[in-house]
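Undergrad: Sharing a structure below in structure tokens format, with a few things to ask.
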Amino acid sequence: LAWHRDFARQIVDFGKWILASSLLYVLATNGDKLLLGVWVTPAVLGCFAIGQTLAQILELAVSRVFSQVAAPAFADVMRNSPQRMREVYLRMRLPFDLMFISAAGFLFAIGPWLVGVMYDPRYAEAGGILQILSFALIVARYGVSNGAYLALQEPRAQAVMNLVRVVAFFTIVPLAYRLYGAHGAYWAIALSPASMAPVVWWFDRRFGLFSWRHEVLTLAAWPVGWVLG
């Protein structure tokens, strides 16, 4: 066993951004419960929790694929053929983007029906909440970008993404609640993660990964999912 100062410095420099990113991510993903717990009744908060759980099932399941498949794949590309990084990045993102965006349209279409099948009429409000929160899935596709940035030795990008998300959330959501009540807060909660999109585009351009064609054309999956729903 030995202490190597250069290696220790690399670990600390890399790890501090991971720590900051993790803390910001936890704050961003749990801020809705912190705020709504103060603003609404327990019954309304329960309906929100049902809608949110149903909206996040796909994201939580696919996040394991991000960490266990996408991230190691990007790391392998950077070790062996870094010139192929953009090609692999866009190819890796395509199925995830189509899955998340079409799922957003699908859940928007079936939200009230799904809640009506699973729960009794007391929880009917959760169906409309699920429709609103389904739009957050459109941005959830950028989770695969985190693996690419880590492979590029740029953990700061992940921290910046989550910082922007936290600032946007705690700015937009209270304002929306003040102006439009709980319904406005639901929309702000669903749309505030979109603040990360320009950050992802900026880093993608910086690292030579960006494609406007990919960003625009994959949005066509939403109406396909809606029609299927």
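So you can find residues: chains in the structure tokens are A, B, ... in the order shown, residues in each start at 1, and ligands are numbered from 1 in order.
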Using only C-alpha atoms, find each residue in range 14-42 of chain A having at least one atom no more than 10 Å away from range 186-197 of chain A; report its shortest atom-to-atom pair and that distance in Å (one decimal), rows by chain then rising number, as a tab-separated table.

TA:
```
residue	atom	partner	partner_atom	distance
A:Ala28	CA	A:Pro193	CA	8.9
A:Thr29	CA	A:Pro193	CA	9.6
A:Gly31	CA	A:Ile189	CA	9.1
A:Asp32	CA	A:Ile189	CA	6.9
A:Leu36	CA	A:Tyr186	CA	9.4
```

Undergrad: Please provide the set of residues having any atom within 12 Å of range 41-43 of chain A, restricted to only C-alpha atoms, with same-chain residues fewer than 3 positions apart removed, written as a PyMOL selection string.

TA: chain A and resi 33+35-38+46-50+122-126+182

Undergrad: With distances taken over only C-alpha atoms, which of A:Leu34, A:Leu137, A:Ile132, A:Met85 is nearest to Ile57 in chain A?

TA: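 Result for the nearest residue to Ile57 in chain A: A:Leu137.
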
Undergrad: With only C-alpha atoms as the counted atoms, please give the residues lying no more than 9 Å from Ala73 in chain A, apart from itself and same-chain residues fewer than 4 positions off, as a list in words.

TA: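 Surrounding residues, per the criterion: Gln68, Val69, Val77, Met78, Val88, Gly147, Ala148 and Ala151 of chain A.
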
Undergrad: The selected residues should be written to file as a compact mmCIF listing (two decimals), in the first residue's frame (atoms: all heavy atoms).

TA:
```txt
# COMPACT_ATOMS: atom_id res chain seq x y z
N GLN A 68 -25.28 1.09 -16.06
CA GLN A 68 -24.65 -0.22 -16.20
C GLN A 68 -24.29 -0.57 -17.65
O GLN A 68 -23.49 -1.48 -17.88
CB GLN A 68 -25.56 -1.30 -15.62
CG GLN A 68 -25.79 -1.13 -14.12
CD GLN A 68 -26.65 -2.24 -13.54
OE1 GLN A 68 -26.84 -3.27 -14.16
NE2 GLN A 68 -27.17 -2.03 -12.34
N VAL A 69 -24.90 0.11 -18.60
CA VAL A 69 -24.63 -0.20 -20.01
C VAL A 69 -24.02 0.99 -20.74
O VAL A 69 -22.94 0.89 -21.33
CB VAL A 69 -25.92 -0.65 -20.73
CG1 VAL A 69 -25.64 -0.91 -22.21
CG2 VAL A 69 -26.49 -1.90 -20.07
N VAL A 77 -15.26 3.28 -25.53
CA VAL A 77 -15.01 4.03 -26.77
C VAL A 77 -13.88 5.03 -26.55
O VAL A 77 -12.99 5.17 -27.40
CB VAL A 77 -16.29 4.75 -27.23
CG1 VAL A 77 -15.97 5.71 -28.38
CG2 VAL A 77 -17.32 3.73 -27.68
N MET A 78 -13.89 5.74 -25.43
CA MET A 78 -12.86 6.74 -25.17
C MET A 78 -11.48 6.10 -25.01
O MET A 78 -10.47 6.71 -25.34
CB MET A 78 -13.21 7.55 -23.92
CG MET A 78 -14.37 8.51 -24.13
SD MET A 78 -14.10 9.67 -25.49
CE MET A 78 -12.65 10.55 -24.90
N VAL A 88 -21.13 6.98 -31.61
CA VAL A 88 -21.66 6.06 -30.59
C VAL A 88 -22.65 6.79 -29.69
O VAL A 88 -23.69 6.23 -29.31
CB VAL A 88 -20.50 5.46 -29.77
CG1 VAL A 88 -21.04 4.62 -28.61
CG2 VAL A 88 -19.60 4.62 -30.67
N GLY A 147 -23.42 9.81 -18.69
CA GLY A 147 -22.42 8.77 -18.90
C GLY A 147 -21.35 9.20 -19.90
O GLY A 147 -20.16 8.90 -19.73
N ALA A 148 -21.78 9.92 -20.93
CA ALA A 148 -20.82 10.39 -21.93
C ALA A 148 -19.88 11.43 -21.33
O ALA A 148 -18.66 11.40 -21.58
CB ALA A 148 -21.57 10.99 -23.12
N ALA A 151 -17.28 9.79 -19.18
CA ALA A 151 -16.27 9.13 -20.01
C ALA A 151 -15.29 10.15 -20.59
O ALA A 151 -14.11 9.84 -20.81
CB ALA A 151 -16.93 8.34 -21.13
```

Undergrad: From the set A:Pro155, A:Pro223, A:Gly143, A:Pro198, which residue has the shortest atom-to-atom contact distance to Arg64 in chain A, counting only C-alpha atoms?

TA: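 Under the stated criterion, the closest residue is A:Gly143.
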
Undergrad: Restricting the calculation to only C-alpha atoms: of A:Ala104, A:Val200, A:Leu133, A:Leu150, which residue gets closest to Gly184 in chain A?

TA: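 Of A:Ala104, A:Val200, A:Leu133, A:Leu150, the one nearest Gly184 in chain A, counting only C-alpha atoms, is A:Leu133.
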
Undergrad: Quick one: of A:Ala71, A:Leu90, A:Ile138, A:Val167, who's nearest to Gly208 in chain A, counting only C-alpha atoms?

TA: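 Closest candidate: A:Leu90.
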
Undergrad: Which one is closest to Leu23 in chain A: A:Val139, A:Val160, A:Ala221, A:Glu215? Count only C-alpha atoms.

TA: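 Once distances to Leu23 in chain A are computed over only C-alpha atoms, the minimum belongs to A:Val160.
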
Undergrad: A:Ala220, A:Leu209, A:Leu19, A:Leu60: which is nearest Pro82 in chain A, counting only C-alpha atoms?

TA: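 Comparing A:Ala220, A:Leu209, A:Leu19, A:Leu60 against Pro82 in chain A, the winner is A:Leu209.
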
Undergrad: Mind giving me the straight-line distance from CA of Asn146 in chain A to CA of Phe170 in chain A in Å, one decimal?

TA: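 These two atoms are separated by 22.5 Å.
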
Undergrad: CA of Asp204 in chain A to CA of Ser63 in chain A: how many Å, to one decimal?

TA: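 Straight-line distance from CA of Asp204 in chain A to CA of Ser63 in chain A works out to 20.0 Å.
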